[in-house]
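Undergrad: The file below is structure-v9.cif, mmCIF, C-alpha atoms and all ligand atoms:
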```cif
data_start
loop_
_atom_site.group_PDB
_atom_site.id
_atom_site.type_symbol
_atom_site.label_atom_id
_atom_site.label_comp_id
_atom_site.auth_asym_id
_atom_site.auth_seq_id
_atom_site.Cartn_x
_atom_site.Cartn_y
_atom_site.Cartn_z
ATOM 1 C CA MET J 2 136.254 95.484 78.575
ATOM 2 C CA THR J 3 132.492 95.120 78.801
ATOM 3 C CA ASP J 4 131.119 93.933 82.111
ATOM 4 C CA ARG J 5 128.851 91.038 81.152
ATOM 5 C CA LEU J 6 127.826 90.232 84.721
ATOM 6 C CA PHE J 7 124.323 91.645 84.387
ATOM 7 C CA ASP J 8 123.992 91.236 80.625
ATOM 8 C CA VAL J 9 120.689 89.812 79.344
ATOM 9 C CA LYS J 10 121.127 90.915 75.723
ATOM 10 C CA ASP J 11 119.859 88.402 73.145
ATOM 11 C CA MET J 12 118.481 86.056 75.793
ATOM 12 C CA GLY J 13 115.174 84.453 74.835
ATOM 13 C CA VAL J 14 112.759 84.963 77.731
ATOM 14 C CA ALA J 15 109.288 83.434 78.046
ATOM 15 C CA ILE J 16 107.110 85.226 80.605
ATOM 16 C CA THR J 17 103.782 83.780 81.667
ATOM 17 C CA GLY J 18 101.335 86.340 82.994
ATOM 18 C CA GLY J 19 103.364 88.754 80.886
ATOM 19 C CA ALA J 20 100.404 91.010 80.189
ATOM 20 C CA GLY J 21 99.974 91.696 83.909
ATOM 21 C CA ILE J 22 101.283 94.577 85.949
ATOM 22 C CA LEU J 23 104.416 93.065 87.496
ATOM 23 C CA CYS J 24 105.390 90.757 84.646
ATOM 24 C CA GLY J 25 104.517 93.331 81.990
ATOM 25 C CA THR J 26 107.015 95.645 83.668
ATOM 26 C CA MET J 27 109.543 92.796 83.612
ATOM 27 C CA ALA J 28 108.915 92.182 79.897
ATOM 28 C CA LYS J 29 109.454 95.855 79.067
ATOM 29 C CA ALA J 30 112.572 96.179 81.198
ATOM 30 C CA LEU J 31 114.168 93.018 79.791
ATOM 31 C CA ALA J 32 113.387 94.004 76.197
ATOM 32 C CA ALA J 33 114.909 97.424 76.861
ATOM 33 C CA ARG J 34 118.087 95.579 77.881
ATOM 34 C CA GLY J 35 118.163 93.639 74.603
ATOM 35 C CA ALA J 36 116.414 90.408 75.621
ATOM 36 C CA LYS J 37 113.834 88.900 73.245
ATOM 37 C CA VAL J 38 110.615 88.280 75.101
ATOM 38 C CA ALA J 39 107.557 86.086 74.577
ATOM 39 C CA VAL J 40 104.611 87.585 76.447
ATOM 40 C CA ILE J 41 102.494 84.546 77.317
ATOM 41 C CA ASP J 42 99.068 85.266 78.743
ATOM 42 C CA PHE J 43 95.473 84.288 78.338
ATOM 43 C CA ASN J 44 94.753 87.967 77.859
ATOM 44 C CA LEU J 45 95.874 88.044 74.226
ATOM 45 C CA ALA J 46 94.768 91.633 73.631
ATOM 46 C CA GLY J 47 96.862 92.757 76.608
ATOM 47 C CA ALA J 48 99.877 90.748 75.412
ATOM 48 C CA GLU J 49 99.563 92.187 71.897
ATOM 49 C CA ALA J 50 99.297 95.759 73.154
ATOM 50 C CA LEU J 51 102.372 95.316 75.340
ATOM 51 C CA CYS J 52 104.398 93.752 72.521
ATOM 52 C CA LYS J 53 103.478 96.632 70.205
ATOM 53 C CA GLU J 54 104.683 99.079 72.835
ATOM 54 C CA ILE J 55 107.937 97.157 73.260
ATOM 55 C CA GLU J 56 108.486 96.998 69.500
ATOM 56 C CA SER J 57 107.813 100.692 69.055
ATOM 57 C CA ASP J 58 110.572 101.272 71.617
ATOM 58 C CA GLY J 59 112.911 99.156 69.466
ATOM 59 C CA GLY J 60 112.615 95.887 71.414
ATOM 60 C CA VAL J 61 111.788 92.359 70.286
ATOM 61 C CA ALA J 62 108.577 90.870 71.695
ATOM 62 C CA THR J 63 106.014 88.333 70.597
ATOM 63 C CA PRO J 64 102.549 87.827 72.107
ATOM 64 C CA VAL J 65 101.454 84.246 72.773
ATOM 65 C CA GLU J 66 97.966 83.296 73.912
ATOM 66 C CA CYS J 67 97.896 80.547 76.517
ATOM 67 C CA ASN J 68 96.044 79.248 79.521
ATOM 68 C CA VAL J 69 98.840 77.955 81.751
ATOM 69 C CA LEU J 70 96.446 75.451 83.315
ATOM 70 C CA GLU J 71 96.088 73.404 80.131
ATOM 71 C CA LYS J 72 99.216 71.455 79.291
ATOM 72 C CA ASP J 73 98.474 71.128 75.573
ATOM 73 C CA LYS J 74 98.075 74.918 75.399
ATOM 74 C CA VAL J 75 101.376 75.358 77.249
ATOM 75 C CA GLU J 76 103.055 72.990 74.736
ATOM 76 C CA ALA J 77 101.649 75.055 71.871
ATOM 77 C CA ALA J 78 102.770 78.298 73.548
ATOM 78 C CA PHE J 79 106.261 76.875 73.996
ATOM 79 C CA GLN J 80 106.479 75.926 70.288
ATOM 80 C CA SER J 81 105.237 79.342 69.256
ATOM 81 C CA ALA J 82 107.652 81.178 71.579
ATOM 82 C CA LEU J 83 110.576 79.030 70.432
ATOM 83 C CA LYS J 84 109.788 79.669 66.775
ATOM 84 C CA SER J 85 109.669 83.417 67.335
ATOM 85 C CA LEU J 86 112.647 83.763 69.670
ATOM 86 C CA GLY J 87 114.999 81.086 68.305
ATOM 87 C CA THR J 88 116.054 79.928 71.771
ATOM 88 C CA ILE J 89 114.481 80.120 75.196
ATOM 89 C CA ASP J 90 117.038 80.736 77.900
ATOM 90 C CA VAL J 91 114.727 81.852 80.688
ATOM 91 C CA LEU J 92 111.213 81.013 81.823
ATOM 92 C CA ILE J 93 109.510 83.409 84.214
ATOM 93 C CA ASN J 94 106.426 81.850 85.803
ATOM 94 C CA GLY J 95 104.456 84.996 86.525
ATOM 95 C CA ALA J 96 100.843 83.943 85.930
ATOM 96 C CA GLY J 97 99.178 83.940 89.312
ATOM 97 C CA GLY J 98 96.760 85.770 91.512
ATOM 98 C CA ASN J 99 94.035 85.680 94.083
ATOM 99 C CA LYS J 100 90.283 86.158 94.174
ATOM 100 C CA LYS J 101 87.927 87.565 96.732
ATOM 101 C CA GLU J 102 85.853 84.368 97.038
ATOM 102 C CA ALA J 103 88.934 82.473 98.289
ATOM 103 C CA THR J 104 89.692 84.915 101.108
ATOM 104 C CA CYS J 105 88.009 84.941 104.487
ATOM 105 C CA ALA J 106 87.959 88.578 105.484
ATOM 106 C CA PRO J 107 85.326 89.024 108.245
ATOM 107 C CA PRO J 108 82.465 88.243 108.296
ATOM 108 C CA THR J 109 83.333 85.352 105.944
ATOM 109 C CA GLU J 110 84.476 82.268 107.865
ATOM 110 C CA PHE J 111 87.199 79.861 106.746
ATOM 111 C CA PHE J 112 84.738 77.001 107.362
ATOM 112 C CA ASP J 113 82.458 78.254 104.620
ATOM 113 C CA LEU J 114 84.930 79.033 101.822
ATOM 114 C CA PRO J 115 83.760 77.385 98.610
ATOM 115 C CA ALA J 116 85.964 74.547 97.381
ATOM 116 C CA ASP J 117 85.768 75.903 93.836
ATOM 117 C CA ALA J 118 87.329 79.217 94.838
ATOM 118 C CA ILE J 119 90.110 77.535 96.827
ATOM 119 C CA ARG J 120 90.792 75.178 93.912
ATOM 120 C CA TRP J 121 90.906 78.122 91.493
ATOM 121 C CA VAL J 122 93.612 79.875 93.499
ATOM 122 C CA PHE J 123 95.596 76.681 94.053
ATOM 123 C CA ASP J 124 95.469 75.761 90.396
ATOM 124 C CA LEU J 125 96.387 79.170 89.037
ATOM 125 C CA ASN J 126 99.382 79.699 91.314
ATOM 126 C CA CYS J 127 100.649 76.175 91.866
ATOM 127 C CA LEU J 128 99.679 74.109 88.835
ATOM 128 C CA GLY J 129 100.114 77.234 86.698
ATOM 129 C CA THR J 130 103.786 77.251 87.709
ATOM 130 C CA ILE J 131 104.353 73.498 87.547
ATOM 131 C CA LEU J 132 102.923 72.883 84.057
ATOM 132 C CA PRO J 133 105.056 75.519 82.241
ATOM 133 C CA SER J 134 108.084 74.300 84.241
ATOM 134 C CA GLN J 135 107.452 70.805 82.877
ATOM 135 C CA VAL J 136 107.170 71.948 79.269
ATOM 136 C CA PHE J 137 109.919 74.594 79.154
ATOM 137 C CA GLY J 138 112.012 72.650 81.695
ATOM 138 C CA LYS J 139 112.088 69.590 79.428
ATOM 139 C CA TYR J 140 113.502 71.753 76.639
ATOM 140 C CA MET J 141 116.104 73.222 79.033
ATOM 141 C CA ALA J 142 117.037 69.712 80.186
ATOM 142 C CA GLY J 143 117.553 68.802 76.489
ATOM 143 C CA ARG J 144 119.878 71.820 76.035
ATOM 144 C CA SER J 145 121.559 71.270 79.413
ATOM 145 C CA LYS J 146 121.084 74.897 80.325
ATOM 146 C CA GLY J 147 118.434 77.349 81.341
ATOM 147 C CA VAL J 148 116.997 79.510 84.084
ATOM 148 C CA ILE J 149 113.558 79.295 85.662
ATOM 149 C CA ILE J 150 112.259 82.078 87.876
ATOM 150 C CA ASN J 151 109.063 81.584 89.840
ATOM 151 C CA VAL J 152 107.001 84.249 91.582
ATOM 152 C CA SER J 153 106.262 83.538 95.227
ATOM 153 C CA SER J 154 104.921 85.956 97.838
ATOM 154 C CA MET J 155 105.250 87.246 101.393
ATOM 155 C CA ALA J 156 102.337 84.902 102.161
ATOM 156 C CA ALA J 157 104.728 81.978 101.612
ATOM 157 C CA PHE J 158 107.206 82.854 104.421
ATOM 158 C CA ARG J 159 104.608 83.361 107.139
ATOM 159 C CA PRO J 160 100.877 83.096 106.539
ATOM 160 C CA LEU J 161 99.004 86.352 106.083
ATOM 161 C CA THR J 162 95.543 86.583 107.623
ATOM 162 C CA ASN J 163 92.541 85.926 105.366
ATOM 163 C CA VAL J 164 94.359 84.765 102.184
ATOM 164 C CA ILE J 165 94.265 81.056 102.975
ATOM 165 C CA GLY J 166 94.289 79.601 99.447
ATOM 166 C CA TYR J 167 96.800 82.092 98.085
ATOM 167 C CA GLY J 168 99.242 81.649 100.976
ATOM 168 C CA ALA J 169 99.156 77.873 100.767
ATOM 169 C CA ALA J 170 99.639 77.955 96.999
ATOM 170 C CA LYS J 171 102.562 80.405 97.182
ATOM 171 C CA ALA J 172 104.195 78.338 99.961
ATOM 172 C CA ALA J 173 103.941 75.418 97.547
ATOM 173 C CA ILE J 174 105.713 77.513 94.897
ATOM 174 C CA SER J 175 108.613 78.279 97.239
ATOM 175 C CA ASN J 176 108.871 74.578 98.068
ATOM 176 C CA PHE J 177 108.647 73.637 94.383
ATOM 177 C CA THR J 178 111.403 76.144 93.538
ATOM 178 C CA GLN J 179 113.818 74.340 95.845
ATOM 179 C CA TRP J 180 112.636 70.950 94.673
ATOM 180 C CA LEU J 181 113.041 71.719 90.977
ATOM 181 C CA ALA J 182 116.484 73.292 91.462
ATOM 182 C CA VAL J 183 117.745 70.057 93.006
ATOM 183 C CA TYR J 184 115.952 67.836 90.500
ATOM 184 C CA MET J 185 117.372 69.690 87.487
ATOM 185 C CA ASN J 186 120.950 69.586 88.819
ATOM 186 C CA GLN J 187 120.832 65.974 89.951
ATOM 187 C CA ARG J 188 119.010 64.527 86.988
ATOM 188 C CA HIS J 189 119.730 66.823 84.054
ATOM 189 C CA SER J 190 122.323 69.576 84.157
ATOM 190 C CA LYS J 191 124.452 71.550 86.578
ATOM 191 C CA ASP J 192 123.760 74.584 84.382
ATOM 192 C CA ILE J 193 120.050 74.854 85.046
ATOM 193 C CA ARG J 194 119.083 77.159 87.893
ATOM 194 C CA VAL J 195 115.676 77.605 89.492
ATOM 195 C CA ASN J 196 114.956 80.505 91.852
ATOM 196 C CA ALA J 197 111.998 82.594 92.908
ATOM 197 C CA ILE J 198 111.282 86.222 93.618
ATOM 198 C CA ALA J 199 108.888 86.959 96.473
ATOM 199 C CA PRO J 200 107.526 90.452 95.918
ATOM 200 C CA GLY J 201 106.326 92.286 98.975
ATOM 201 C CA PHE J 202 103.298 94.503 98.530
ATOM 202 C CA PHE J 203 102.740 96.117 95.167
ATOM 203 C CA LEU J 204 99.368 97.699 94.545
ATOM 204 C CA THR J 205 97.882 95.760 91.605
ATOM 205 C CA GLU J 206 94.509 94.413 90.482
ATOM 206 C CA GLN J 207 94.819 91.198 92.514
ATOM 207 C CA ASN J 208 95.068 92.963 95.869
ATOM 208 C CA ARG J 209 93.485 96.371 95.288
ATOM 209 C CA PHE J 210 90.197 95.161 96.845
ATOM 210 C CA LEU J 211 92.092 94.143 99.996
ATOM 211 C CA LEU J 212 94.262 97.232 100.381
ATOM 212 C CA THR J 213 92.194 100.188 99.196
ATOM 213 C CA ASN J 214 88.596 101.328 99.548
ATOM 214 C CA GLU J 215 86.534 102.396 96.554
ATOM 215 C CA ASP J 216 87.397 106.046 97.230
ATOM 216 C CA GLY J 217 91.129 105.178 97.066
ATOM 217 C CA SER J 218 91.749 105.487 100.821
ATOM 218 C CA MET J 219 93.590 102.705 102.648
ATOM 219 C CA THR J 220 91.745 99.802 104.256
ATOM 220 C CA PRO J 221 92.807 98.847 107.803
ATOM 221 C CA ARG J 222 94.689 95.946 106.173
ATOM 222 C CA GLY J 223 96.500 98.317 103.822
ATOM 223 C CA LYS J 224 97.513 100.439 106.799
ATOM 224 C CA LEU J 225 98.694 97.374 108.731
ATOM 225 C CA ILE J 226 100.860 96.322 105.811
ATOM 226 C CA LEU J 227 102.543 99.701 105.564
ATOM 227 C CA ASP J 228 103.018 99.767 109.339
ATOM 228 C CA HIS J 229 104.847 96.430 108.977
ATOM 229 C CA THR J 230 106.958 97.506 106.024
ATOM 230 C CA PRO J 231 110.009 99.228 107.496
ATOM 231 C CA MET J 232 110.431 101.261 104.305
ATOM 232 C CA GLY J 233 106.879 102.524 104.841
ATOM 233 C CA ARG J 234 105.495 102.238 101.303
ATOM 234 C CA TYR J 235 104.302 99.833 98.607
ATOM 235 C CA GLY J 236 106.815 98.620 96.044
ATOM 236 C CA GLN J 237 106.996 99.911 92.489
ATOM 237 C CA PRO J 238 107.005 97.157 89.829
ATOM 238 C CA GLU J 239 110.318 98.519 88.450
ATOM 239 C CA GLU J 240 111.932 97.679 91.800
ATOM 240 C CA LEU J 241 111.763 93.966 90.923
ATOM 241 C CA ILE J 242 114.004 94.350 87.884
ATOM 242 C CA GLY J 243 117.396 94.435 89.605
ATOM 243 C CA THR J 244 116.733 91.113 91.334
ATOM 244 C CA LEU J 245 115.306 89.613 88.152
ATOM 245 C CA VAL J 246 118.347 90.568 86.055
ATOM 246 C CA TRP J 247 120.691 89.301 88.777
ATOM 247 C CA LEU J 248 118.948 85.910 88.885
ATOM 248 C CA MET J 249 118.862 85.594 85.077
ATOM 249 C CA SER J 250 122.401 86.643 84.245
ATOM 250 C CA GLU J 251 126.030 85.650 84.860
ATOM 251 C CA ALA J 252 125.799 87.642 88.097
ATOM 252 C CA GLY J 253 123.578 84.902 89.550
ATOM 253 C CA LYS J 254 125.569 81.983 88.144
ATOM 254 C CA PHE J 255 125.968 80.186 91.509
ATOM 255 C CA VAL J 256 122.604 81.220 92.927
ATOM 256 C CA ASN J 257 120.196 78.313 92.900
ATOM 257 C CA GLY J 258 117.098 77.180 94.771
ATOM 258 C CA ILE J 259 116.447 80.400 96.684
ATOM 259 C CA VAL J 260 113.447 82.663 97.199
ATOM 260 C CA VAL J 261 114.449 86.331 97.245
ATOM 261 C CA PRO J 262 112.196 88.782 99.096
ATOM 262 C CA VAL J 263 111.865 92.189 97.425
ATOM 263 C CA ASP J 264 109.692 93.702 100.082
ATOM 264 C CA GLY J 265 111.000 96.895 101.689
ATOM 265 C CA GLY J 266 111.899 94.832 104.774
ATOM 266 C CA PHE J 267 108.432 93.350 105.432
ATOM 267 C CA ALA J 268 109.760 89.797 105.935
ATOM 268 C CA ALA J 269 112.432 91.023 108.355
ATOM 269 C CA PHE J 270 110.102 92.871 110.708
ATOM 270 C CA SER J 271 108.413 90.982 113.540
ATOM 271 C CA GLY J 272 106.092 93.882 114.273
ATOM 272 C CA VAL J 273 107.911 94.806 117.515
HETATM 273 N N1 LIG N 301 100.891 92.505 93.293
HETATM 274 C C1 LIG N 301 101.524 92.083 94.372
HETATM 275 O O1 LIG N 301 101.672 92.787 95.375
HETATM 276 C C2 LIG N 301 102.135 90.706 94.369
HETATM 277 C C3 LIG N 301 102.845 90.317 95.494
HETATM 278 C C4 LIG N 301 103.419 89.056 95.525
HETATM 279 C C5 LIG N 301 103.296 88.230 94.441
HETATM 280 N N2 LIG N 301 102.592 88.620 93.340
HETATM 281 C C6 LIG N 301 102.533 87.685 92.225
HETATM 282 O O2 LIG N 301 103.099 88.282 91.076
HETATM 283 C C7 LIG N 301 102.519 87.710 89.897
HETATM 284 C C8 LIG N 301 101.980 88.818 89.018
HETATM 285 O O3 LIG N 301 101.021 89.532 89.757
HETATM 286 P P1 LIG N 301 100.380 90.932 89.316
HETATM 287 O O4 LIG N 301 100.124 91.642 90.571
HETATM 288 O O5 LIG N 301 101.208 91.569 88.253
HETATM 289 O O6 LIG N 301 98.978 90.444 88.760
HETATM 290 P P2 LIG N 301 98.196 90.766 87.414
HETATM 291 O O7 LIG N 301 96.801 90.284 87.661
HETATM 292 O O8 LIG N 301 98.422 92.151 86.954
HETATM 293 O O9 LIG N 301 98.900 89.770 86.368
HETATM 294 C C9 LIG N 301 98.611 88.410 86.275
HETATM 295 C C10 LIG N 301 98.567 88.039 84.789
HETATM 296 O O10 LIG N 301 98.384 86.624 84.701
HETATM 297 C C11 LIG N 301 97.461 86.371 83.665
HETATM 298 N N3 LIG N 301 96.798 85.090 83.908
HETATM 299 C C12 LIG N 301 95.913 84.805 84.891
HETATM 300 N N4 LIG N 301 95.511 83.533 84.774
HETATM 301 C C13 LIG N 301 96.161 82.999 83.722
HETATM 302 C C14 LIG N 301 96.163 81.728 83.112
HETATM 303 N N5 LIG N 301 95.408 80.716 83.587
HETATM 304 N N6 LIG N 301 96.947 81.524 82.042
HETATM 305 C C15 LIG N 301 97.703 82.529 81.539
HETATM 306 N N7 LIG N 301 97.750 83.766 82.085
HETATM 307 C C16 LIG N 301 96.980 83.990 83.152
HETATM 308 C C17 LIG N 301 96.469 87.523 83.706
HETATM 309 O O11 LIG N 301 95.789 87.663 82.471
HETATM 310 C C18 LIG N 301 97.402 88.687 84.036
HETATM 311 O O12 LIG N 301 97.857 89.297 82.843
HETATM 312 C C19 LIG N 301 101.446 86.750 90.413
HETATM 313 O O13 LIG N 301 102.006 85.459 90.501
HETATM 314 C C20 LIG N 301 101.155 87.264 91.791
HETATM 315 O O14 LIG N 301 100.606 86.280 92.619
HETATM 316 C C21 LIG N 301 102.005 89.854 93.289
#
```
Written as structure tokens, how would this file's structure read?

TA:
Amino acid sequence: MTDRLFDVKDMGVAITGGAGILCGTMAKALAARGAKVAVIDFNLAGAEALCKEIESDGGVATPVECNVLEKDKVEAAFQSALKSLGTIDVLINGAGGNKKEATCAPPTEFFDLPADAIRWVFDLNCLGTILPSQVFGKYMAGRSKGVIINVSSMAAFRPLTNVIGYGAAKAAISNFTQWLAVYMNQRHSKDIRVNAIAPGFFLTEQNRFLLTNEDGSMTPRGKLILDHTPMGRYGQPEELIGTLVWLMSEAGKFVNGIVVPVDGGFAAFSGV
């Protein structure tokens, strides 16, 4: 008998931010397990290159250009993904990030942060999760089934110094994850689940300027993070896949409205 607990074969999976480091790894890993993936990103060239790679490995992947902050573009991306994949069983809201102008590392003061930069980070992370959840969520409500997985952060559990806009936006995502889980079950279907993954620290483009110097050595912040990560290292993108597959598949059938840290113990450690 085949164990279908962690089976994602033939699932249609739409991944926003799919051309990025973490979600690109997710797209590849899911396709390797037989899922059909739509790589949705405003970096079309990146999405196309990734899909080619997936297809040359025998997987099914389609690139879709989209700015997740424009609802009409998200609608068009949904239609395009649906046409290519046949069904969409899972939405992964991975588009997100931070920018230097919205952080107040010394000598920059919180009081002086430009509103535009704060708005940019809020919109990308928060609105950029809500709008695709509206569009793909409406389709799932119509089918009475589906899975939505958001991407939160360590900055959502307890604020991290400096990253004011990012932390507030990710806290909003964790809150929204719980909210949407309840809304979907109460108003639409008991078979729609909404959860989030909160990655710990993975060295990627969005945080490289905070964690490493130009010569590749660690910044004091990078060192502090590792000192507060009991496992003593950054995560590897592949280490998110087990949790992702669990949340998507039969194995996570009664798991709803939670935010799962994948962080080498960072969230557990008080520093003492
Ligand atoms: N790297 C980490 O340590 C870490 C930790 C916690 C959470 N996260 C979160 O994980 C997710 C992926 O992060 P990553 O590190 O892989 O970043 P990344 O920059 O490699 O990937 C982000 C992707 O989102 C795309 N994108 C940005 N704005 C978009 C928009 N408006 N519309 C469509 N696509 C857009 C980018 O083109 C990029 O491909 C983000 O939500 C991030 O906040 C990352």

Undergrad: Give as a list in words the residues that the PyMOL selection byres (((chain J and resi 120-131) around 7) and not hetatm) matches when applied to the coordinates above.

TA: Val69, Leu70, Asn94, Ala96, Gly97, Gly98, Asn99, Ala116, Asp117, Ala118, Ile119, Leu132, Pro133, Ser134, Gln135, Gly166, Tyr167, Ala170, Lys171, Ala173 and Ile174 of chain J

Undergrad: Just write the chosen residues, C-alpha atoms, as a PDB file, in the frame of the given file.

TA:
```pdb
ATOM      1  CA  VAL J  69      98.840  77.955  81.751  1.00  0.00           C
ATOM      2  CA  LEU J  70      96.446  75.451  83.315  1.00  0.00           C
ATOM      3  CA  ASN J  94     106.426  81.850  85.803  1.00  0.00           C
ATOM      4  CA  ALA J  96     100.843  83.943  85.930  1.00  0.00           C
ATOM      5  CA  GLY J  97      99.178  83.940  89.312  1.00  0.00           C
ATOM      6  CA  GLY J  98      96.760  85.770  91.512  1.00  0.00           C
ATOM      7  CA  ASN J  99      94.035  85.680  94.083  1.00  0.00           C
ATOM      8  CA  ALA J 116      85.964  74.547  97.381  1.00  0.00           C
ATOM      9  CA  ASP J 117      85.768  75.903  93.836  1.00  0.00           C
ATOM     10  CA  ALA J 118      87.329  79.217  94.838  1.00  0.00           C
ATOM     11  CA  ILE J 119      90.110  77.535  96.827  1.00  0.00           C
ATOM     12  CA  LEU J 132     102.923  72.883  84.057  1.00  0.00           C
ATOM     13  CA  PRO J 133     105.056  75.519  82.241  1.00  0.00           C
ATOM     14  CA  SER J 134     108.084  74.300  84.241  1.00  0.00           C
ATOM     15  CA  GLN J 135     107.452  70.805  82.877  1.00  0.00           C
ATOM     16  CA  GLY J 166      94.289  79.601  99.447  1.00  0.00           C
ATOM     17  CA  TYR J 167      96.800  82.092  98.085  1.00  0.00           C
ATOM     18  CA  ALA J 170      99.639  77.955  96.999  1.00  0.00           C
ATOM     19  CA  LYS J 171     102.562  80.405  97.182  1.00  0.00           C
ATOM     20  CA  ALA J 173     103.941  75.418  97.547  1.00  0.00           C
ATOM     21  CA  ILE J 174     105.713  77.513  94.897  1.00  0.00           C
TER      22      ILE J 174
END
```

Undergrad: Taking only C-alpha atoms into account, which of J:Ile198, J:Leu204, J:Val136, J:Leu225 comes nearest J:Leu161?

TA: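 Closest to J:Leu161 of all the choices is J:Leu225.
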
Undergrad: Could you check the closest approach to ligand LIG 301 (chain N) for each of J:Glu206, J:Glu54, J:Asp216, J:Glu76 and tell me which residue wins, using all atoms listed in the file?

TA: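 Selected residue with least distance to ligand LIG 301 (chain N): J:Glu206.
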
Undergrad: When the cut-off is 9 Å and you count all atoms listed in the file, which residues lie near ligand LIG 301 (chain N), shown as a PyMOL selection string?

TA: chain J and resi 17-26+41-45+47-48+66-71+75+94-99+124-126+129-130+151-156+167+171+198-209+235-236+238+264

Undergrad: Have a look at atom CA of J:Ala172 and atom CA of J:Phe158 and let me know their distance in Å, one decimal.

TA: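 It comes out at 7.0 Å.
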
Undergrad: Check the smallest atom-to-atom distance from each of J:Leu212, J:Val148, J:Cys105, J:Ala197 to J:Glu251 using all atoms listed in the file, then report the winner.

TA: J:Val148
